[in-house]
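Enquirer: This is protein.cif, which holds mmCIF, C-alpha atoms and all ligand atoms:
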data_coords
loop_
_atom_site.group_PDB
_atom_site.id
_atom_site.type_symbol
_atom_site.label_atom_id
_atom_site.label_comp_id
_atom_site.auth_asym_id
_atom_site.auth_seq_id
_atom_site.Cartn_x
_atom_site.Cartn_y
_atom_site.Cartn_z
ATOM 1 C CA MET G 1 98.631 83.045 109.227
ATOM 2 C CA THR G 2 101.224 83.524 106.527
ATOM 3 C CA ASP G 3 104.690 85.003 107.050
ATOM 4 C CA ILE G 4 105.812 88.446 105.930
ATOM 5 C CA TRP G 5 109.502 89.028 105.249
ATOM 6 C CA ILE G 6 111.195 92.330 104.464
ATOM 7 C CA MET G 7 114.044 92.674 101.945
ATOM 8 C CA ARG G 8 115.973 95.914 102.408
ATOM 9 C CA ILE G 9 118.047 96.862 99.346
ATOM 10 C CA GLY G 10 120.826 99.457 99.155
ATOM 11 C CA HIS G 11 121.593 99.698 102.894
ATOM 12 C CA ARG G 12 124.661 101.849 103.607
ATOM 13 C CA PRO G 13 125.768 100.987 107.174
ATOM 14 C CA GLN G 14 126.960 104.447 108.206
ATOM 15 C CA ARG G 15 124.354 106.547 106.476
ATOM 16 C CA ASP G 16 121.288 104.344 106.912
ATOM 17 C CA LYS G 17 121.868 102.810 110.334
ATOM 18 C CA ARG G 18 118.935 104.572 112.023
ATOM 19 C CA VAL G 19 116.509 104.243 109.141
ATOM 20 C CA THR G 20 117.253 100.549 108.550
ATOM 21 C CA THR G 21 116.930 99.848 112.289
ATOM 22 C CA HIS G 22 113.539 101.547 112.201
ATOM 23 C CA VAL G 23 112.501 99.575 109.114
ATOM 24 C CA ALA G 24 113.243 96.426 111.138
ATOM 25 C CA LEU G 25 111.510 97.578 114.329
ATOM 26 C CA SER G 26 108.436 98.955 112.573
ATOM 27 C CA SER G 27 107.982 95.806 110.502
ATOM 28 C CA ARG G 28 108.481 93.672 113.638
ATOM 29 C CA ALA G 29 105.835 95.678 115.497
ATOM 30 C CA LEU G 30 103.445 95.215 112.585
ATOM 31 C CA GLY G 31 103.979 91.461 112.525
ATOM 32 C CA ALA G 32 106.826 90.701 110.077
ATOM 33 C CA LYS G 33 108.650 87.416 110.614
ATOM 34 C CA GLY G 34 112.015 88.868 109.754
ATOM 35 C CA MET G 35 114.164 91.102 107.593
ATOM 36 C CA TYR G 36 116.947 90.507 105.099
ATOM 37 C CA VAL G 37 119.440 93.288 104.392
ATOM 38 C CA ASP G 38 121.686 93.218 101.341
ATOM 39 C CA THR G 39 124.781 94.733 102.993
ATOM 40 C CA ALA G 40 126.529 92.942 105.867
ATOM 41 C CA ASP G 41 126.099 94.951 109.082
ATOM 42 C CA ARG G 42 126.841 93.180 112.358
ATOM 43 C CA ILE G 43 126.021 96.224 114.495
ATOM 44 C CA LEU G 44 122.565 96.520 112.938
ATOM 45 C CA GLU G 45 121.955 92.832 113.668
ATOM 46 C CA GLU G 46 123.062 93.252 117.293
ATOM 47 C CA ASN G 47 120.863 96.315 117.840
ATOM 48 C CA VAL G 48 117.748 94.662 116.446
ATOM 49 C CA ARG G 49 118.399 91.395 118.342
ATOM 50 C CA SER G 50 118.821 93.348 121.550
ATOM 51 C CA VAL G 51 115.288 94.784 121.171
ATOM 52 C CA CYS G 52 113.933 91.290 120.408
ATOM 53 C CA ASP G 53 115.754 89.922 123.435
ATOM 54 C CA ARG G 54 114.042 92.468 125.709
ATOM 55 C CA PHE G 55 110.617 92.689 124.099
ATOM 56 C CA GLY G 56 110.212 89.122 122.838
ATOM 57 C CA GLY G 57 108.926 87.480 119.696
ATOM 58 C CA ASP G 58 110.811 85.510 117.076
ATOM 59 C CA PHE G 59 111.753 88.253 114.594
ATOM 60 C CA GLU G 60 114.847 87.282 112.601
ATOM 61 C CA ILE G 61 117.406 89.534 110.933
ATOM 62 C CA SER G 62 120.072 88.487 108.419
ATOM 63 C CA THR G 63 122.458 90.877 106.721
ATOM 64 C CA GLY G 64 124.799 90.400 103.765
ATOM 65 C CA VAL G 65 122.001 88.654 101.824
ATOM 66 C CA ASN G 66 122.068 88.608 98.025
ATOM 67 C CA TRP G 67 118.703 90.114 97.104
ATOM 68 C CA LYS G 68 118.504 88.521 93.649
ATOM 69 C CA ASP G 69 119.041 85.021 95.048
ATOM 70 C CA ARG G 70 116.686 85.619 97.969
ATOM 71 C CA ILE G 71 113.883 86.845 95.696
ATOM 72 C CA LYS G 72 114.468 83.947 93.273
ATOM 73 C CA GLU G 73 114.322 81.339 96.061
ATOM 74 C CA PHE G 74 111.363 82.907 97.830
ATOM 75 C CA ASP G 75 108.204 80.801 97.781
ATOM 76 C CA GLY G 76 105.526 83.498 97.931
ATOM 77 C CA ILE G 77 104.480 86.878 96.584
ATOM 78 C CA VAL G 78 107.159 89.553 96.163
ATOM 79 C CA VAL G 79 105.823 93.099 96.589
ATOM 80 C CA HIS G 80 108.154 96.007 95.826
ATOM 81 C CA LEU G 81 107.115 99.286 97.446
ATOM 82 C CA THR G 82 107.823 102.199 95.158
ATOM 83 C CA MET G 83 106.238 105.596 94.558
ATOM 84 C CA TYR G 84 105.951 104.577 90.865
ATOM 85 C CA GLY G 85 103.879 101.463 91.513
ATOM 86 C CA GLN G 86 100.165 100.773 91.180
ATOM 87 C CA LYS G 87 97.910 102.237 93.868
ATOM 88 C CA MET G 88 97.982 100.324 97.142
ATOM 89 C CA ASP G 89 94.182 100.275 97.418
ATOM 90 C CA GLU G 90 93.932 98.686 93.968
ATOM 91 C CA ALA G 91 96.794 96.242 94.601
ATOM 92 C CA LEU G 92 95.619 94.874 97.970
ATOM 93 C CA PRO G 93 92.529 93.017 96.688
ATOM 94 C CA LYS G 94 94.672 91.337 93.996
ATOM 95 C CA ILE G 95 97.018 89.741 96.535
ATOM 96 C CA PRO G 96 96.272 86.014 96.771
ATOM 97 C CA ASP G 97 95.384 84.635 100.220
ATOM 98 C CA GLY G 98 97.478 82.030 101.954
ATOM 99 C CA ARG G 99 100.861 82.884 100.445
ATOM 100 C CA ASP G 100 103.919 84.185 102.278
ATOM 101 C CA MET G 101 105.008 87.655 101.239
ATOM 102 C CA MET G 102 108.330 89.385 100.771
ATOM 103 C CA ILE G 103 108.129 93.175 100.844
ATOM 104 C CA VAL G 104 111.065 94.906 99.165
ATOM 105 C CA VAL G 105 112.047 98.450 100.169
ATOM 106 C CA GLY G 106 114.958 100.508 98.913
ATOM 107 C CA ALA G 107 117.330 103.005 100.502
ATOM 108 C CA GLU G 108 118.983 104.829 97.615
ATOM 109 C CA LYS G 109 117.865 104.382 94.000
ATOM 110 C CA VAL G 110 116.655 100.833 93.464
ATOM 111 C CA PRO G 111 118.084 98.871 90.481
ATOM 112 C CA PRO G 112 115.577 98.618 87.578
ATOM 113 C CA GLU G 113 115.766 94.819 87.810
ATOM 114 C CA VAL G 114 113.840 94.933 91.104
ATOM 115 C CA TYR G 115 110.796 96.272 89.237
ATOM 116 C CA GLU G 116 110.977 93.295 86.869
ATOM 117 C CA ARG G 117 111.627 90.621 89.468
ATOM 118 C CA ALA G 118 108.843 91.714 91.832
ATOM 119 C CA ASP G 119 105.394 90.184 91.359
ATOM 120 C CA MET G 120 103.822 93.550 92.173
ATOM 121 C CA ASN G 121 105.142 97.127 92.293
ATOM 122 C CA VAL G 122 102.945 99.001 94.743
ATOM 123 C CA SER G 123 102.830 102.674 95.706
ATOM 124 C CA VAL G 124 101.689 104.211 98.962
ATOM 125 C CA GLY G 125 100.733 107.467 97.307
ATOM 126 C CA ASN G 126 102.742 108.698 94.318
ATOM 127 C CA GLN G 127 104.804 111.212 96.280
ATOM 128 C CA PRO G 128 108.346 110.405 97.425
ATOM 129 C CA HIS G 129 108.492 109.834 101.182
ATOM 130 C CA SER G 130 110.080 107.212 103.356
ATOM 131 C CA GLU G 131 110.565 103.458 103.420
ATOM 132 C CA ILE G 132 109.504 103.385 107.081
ATOM 133 C CA ALA G 133 106.258 105.215 106.331
ATOM 134 C CA ALA G 134 105.535 103.225 103.148
ATOM 135 C CA LEU G 135 106.177 99.882 104.846
ATOM 136 C CA SER G 136 104.147 100.745 107.944
ATOM 137 C CA ILE G 137 101.139 102.035 106.031
ATOM 138 C CA PHE G 138 101.217 99.071 103.635
ATOM 139 C CA MET G 139 101.590 96.484 106.420
ATOM 140 C CA TYR G 140 98.841 98.121 108.455
ATOM 141 C CA ALA G 141 96.478 98.035 105.472
ATOM 142 C CA LEU G 142 97.468 94.437 104.636
ATOM 143 C CA THR G 143 97.003 93.070 108.175
ATOM 144 C CA ASN G 144 94.478 95.530 109.649
ATOM 145 C CA GLY G 145 97.070 96.201 112.346
ATOM 146 C CA ARG G 146 96.330 92.887 114.065
ATOM 147 C CA SER G 147 99.865 92.425 115.422
ATOM 148 C CA LEU G 148 100.279 95.824 117.034
ATOM 149 C CA TYR G 149 99.136 94.741 120.502
ATOM 150 C CA LYS G 150 100.059 91.079 120.265
ATOM 151 C CA ASP G 151 101.886 89.777 123.328
ATOM 152 C CA ARG G 152 105.417 88.688 122.385
ATOM 153 C CA ASN G 153 106.249 87.063 125.747
ATOM 154 C CA GLY G 154 109.276 89.286 126.198
ATOM 155 C CA ARG G 155 111.203 90.052 129.362
ATOM 156 C CA PHE G 156 109.485 93.431 129.254
ATOM 157 C CA THR G 157 105.807 93.902 128.507
ATOM 158 C CA VAL G 158 104.325 97.352 128.189
ATOM 159 C CA ILE G 159 100.874 97.682 129.728
ATOM 160 C CA PRO G 160 98.914 100.337 127.834
ATOM 161 C CA ASN G 161 98.333 103.316 130.072
ATOM 162 C CA GLU G 162 96.488 106.568 129.494
ATOM 163 C CA ARG G 163 99.171 108.430 131.451
ATOM 164 C CA GLY G 164 102.701 107.481 132.397
ATOM 165 C CA LYS G 165 104.573 104.262 131.685
ATOM 166 C CA THR G 166 103.712 100.811 132.990
ATOM 167 C CA VAL G 167 106.174 98.054 132.200
ATOM 168 C CA ALA G 168 105.990 94.507 133.552
ATOM 169 C CA GLU G 169 109.337 92.755 133.839
ATOM 170 C CA VAL G 170 109.694 88.979 133.887
ATOM 171 C CA PRO G 171 112.841 88.032 135.803
ATOM 172 C CA LYS G 172 115.398 86.098 133.714
HETATM 173 N N1 LIG L 1 114.930 108.030 94.901
HETATM 174 C C1 LIG L 1 114.713 106.659 95.269
HETATM 175 C C2 LIG L 1 114.220 105.855 94.097
HETATM 176 O O1 LIG L 1 113.960 106.406 93.060
HETATM 177 O O2 LIG L 1 114.079 104.618 94.226
HETATM 178 C C3 LIG L 1 113.700 106.617 96.405
HETATM 179 C C4 LIG L 1 114.338 106.296 97.679
HETATM 180 S S1 LIG L 1 113.189 106.352 99.051
HETATM 181 C C5 LIG L 1 113.983 107.381 100.181
HETATM 182 C C6 LIG L 1 113.483 104.795 99.792
HETATM 183 C C7 LIG L 1 112.395 103.789 99.600
HETATM 184 O O3 LIG L 1 111.189 104.254 100.205
HETATM 185 C C8 LIG L 1 112.012 103.446 98.213
HETATM 186 O O4 LIG L 1 112.925 102.567 97.603
HETATM 187 C C9 LIG L 1 110.642 102.797 98.421
HETATM 188 O O5 LIG L 1 110.770 101.442 98.807
HETATM 189 C C10 LIG L 1 110.089 103.606 99.597
HETATM 190 N N2 LIG L 1 109.134 104.653 99.191
HETATM 191 C C11 LIG L 1 109.307 105.988 99.216
HETATM 192 N N3 LIG L 1 108.201 106.628 98.808
HETATM 193 C C12 LIG L 1 107.290 105.668 98.527
HETATM 194 C C13 LIG L 1 105.934 105.701 98.062
HETATM 195 N N4 LIG L 1 105.301 106.828 97.810
HETATM 196 N N5 LIG L 1 105.308 104.513 97.900
HETATM 197 C C14 LIG L 1 105.928 103.333 98.171
HETATM 198 N N6 LIG L 1 107.198 103.261 98.592
HETATM 199 C C15 LIG L 1 107.877 104.404 98.776
#
Output the file's structure as structure tokens, nothing else.

Expert:
Amino acid sequence: MTDIWIMRIGHRPQRDKRVTTHVALSSRALGAKGMYVDTADRILEENVRSVCDRFGGDFEISTGVNWKDRIKEFDGIVVHLTMYGQKMDEALPKIPDGRDMMIVVGAEKVPPEVYERADMNVSVGNQPHSEIAALSIFMYALTNGRSLYKDRNGRFTVIPNERGKTVAEVPK
């Protein structure tokens, strides 16, 4: 299986702290290997690592990453999610197999250069909505949701339950 990385551009630590945390957690749940964030944000890193520490897996987060350099160095397909892009359903069959992917999502207005540097600009509908929704729908369609119930060998494992909460805890 190939790796999926997220590049979050335009993160403003105060204003976007919840949304960027949810971009990280949603992409982790859907099977991303890790996320890069352009603005340095130690608290964001700590919050995401704390979830990984409890629920397992090897998701990585790095902040203060120069997006231009990261995209240039990346050995794989760079997909920018934008409401202006080509239709997701038309883009998905064009994505080559066996290559790692970097999915770029914005916060505020994304610099025009991102559209040029990405290999593909892909829309999840042509209405403005949210980076969390766009990323989750795109990743679900890309992977068929295969990571959603994958065991991450965490300290806590949720056992699916029709009613109530069942959580298994592995002692440290
Ligand atoms: N006004 C901003 C712009 O023009 O770039 C949009 C900001 S939007 C709140 C944040 C991010 O959500 C976008 O950069 C894009 O990655 C994602 N997004 C929002 N709607 C989308 C859509 N319909 N399809 C794909 N991505 C979308």

Enquirer: Can you pull out every residue within 8 Å of segment 30-34 of chain G, counting all atoms listed in the file, but drop anything in the same chain fewer than 5 positions away, and send it as a VMD selection string?

Expert: chain G and resid 3 to 6 24 58 to 61 136 139 to 140 145 to 148

Enquirer: Apply the PyMOL selection byres (((not hetatm)) within 10 of (chain L and resi 1)) to the structure shown and report the selected residues as a short mmCIF file (atom, residue, chain, number, x, y, z; two decimals) with C-alpha atoms, in the frame of the given file.

Expert:
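Now in selection-v5.cif:
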data_model
loop_
_atom_site.label_atom_id
_atom_site.label_comp_id
_atom_site.auth_asym_id
_atom_site.auth_seq_id
_atom_site.Cartn_x
_atom_site.Cartn_y
_atom_site.Cartn_z
CA MET G 7 114.04 92.67 101.94
CA ARG G 8 115.97 95.91 102.41
CA ILE G 9 118.05 96.86 99.35
CA GLY G 10 120.83 99.46 99.16
CA VAL G 19 116.51 104.24 109.14
CA VAL G 79 105.82 93.10 96.59
CA HIS G 80 108.15 96.01 95.83
CA LEU G 81 107.12 99.29 97.45
CA THR G 82 107.82 102.20 95.16
CA MET G 83 106.24 105.60 94.56
CA TYR G 84 105.95 104.58 90.86
CA GLY G 85 103.88 101.46 91.51
CA GLN G 86 100.16 100.77 91.18
CA LYS G 87 97.91 102.24 93.87
CA MET G 88 97.98 100.32 97.14
CA ILE G 103 108.13 93.18 100.84
CA VAL G 104 111.06 94.91 99.16
CA VAL G 105 112.05 98.45 100.17
CA GLY G 106 114.96 100.51 98.91
CA ALA G 107 117.33 103.00 100.50
CA GLU G 108 118.98 104.83 97.62
CA LYS G 109 117.86 104.38 94.00
CA VAL G 110 116.66 100.83 93.46
CA PRO G 111 118.08 98.87 90.48
CA PRO G 112 115.58 98.62 87.58
CA ASN G 121 105.14 97.13 92.29
CA VAL G 122 102.94 99.00 94.74
CA SER G 123 102.83 102.67 95.71
CA VAL G 124 101.69 104.21 98.96
CA GLY G 125 100.73 107.47 97.31
CA ASN G 126 102.74 108.70 94.32
CA GLN G 127 104.80 111.21 96.28
CA PRO G 128 108.35 110.40 97.42
CA HIS G 129 108.49 109.83 101.18
CA SER G 130 110.08 107.21 103.36
CA GLU G 131 110.56 103.46 103.42
CA ILE G 132 109.50 103.38 107.08
CA ALA G 133 106.26 105.22 106.33
CA ALA G 134 105.54 103.22 103.15
CA LEU G 135 106.18 99.88 104.85
CA ILE G 137 101.14 102.04 106.03
CA PHE G 138 101.22 99.07 103.64
#

Enquirer: Smallest atom-to-atom distance to Val114 of chain G: which of G:Arg18, G:Trp67, G:Thr143, G:Gly164, using all atoms listed in the file?

Expert: G:Trp67

Enquirer: For Ile43 of chain G, which of G:Arg28, G:Gln14, G:Asp69, G:Gly57 is the closest residue, counting only C-alpha atoms?

Expert: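 Looking only at the distances to Ile43 of chain G, the closest residue turns out to be G:Gln14.
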
Enquirer: To test the calculation: enclose all listed atoms of segment 146-149 of chain G in a box whose edges run along x, y and z, add 4 Å on each side, then state centre and edge lengths in Å to one decimal, as AutoDock Vina command-line options.

Expert:
--center_x 98.3 --center_y 94.1 --center_z 117.3 --size_x 11.9 --size_y 11.4 --size_z 14.4

Enquirer: Could you state which residues are captured by the PyMOL selection byres (((chain G and resi 44) around 10) and not hetatm) in this file, as an MDAnalysis selection string?

Expert: chainID G and resid 13 16:18 20:21 24 37 40:43 45:50 61:63

Enquirer: To one decimal in Å, tell me the separation between atom CA of Ala168 of chain G and atom CA of Asp151 of chain G.

Expert: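 Interatomic distance, atom CA of Ala168 of chain G to atom CA of Asp151 of chain G: 12.0 Å.
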
Enquirer: In Å to one decimal, how far is atom CA of Val23 of chain G from atom CA of Glu73 of chain G?

Expert: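 One can read the atom CA of Glu73 of chain G to atom CA of Val23 of chain G distance as 22.5 Å.
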
Enquirer: Would you mind telling me which residue in G:Asp75, G:Asp53, G:Glu169, G:Asp89 lies nearest to Thr157 of chain G when using all atoms listed in the file?

Expert: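 Of the candidates, the smallest distance to Thr157 of chain G is held by G:Glu169.
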
Enquirer: Mind giving me the straight-line distance from atom CA of Met35 of chain G to atom CA of Val65 of chain G in Å, one decimal?

Expert: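 Rounded to one decimal, the two atoms are 10.0 Å apart.
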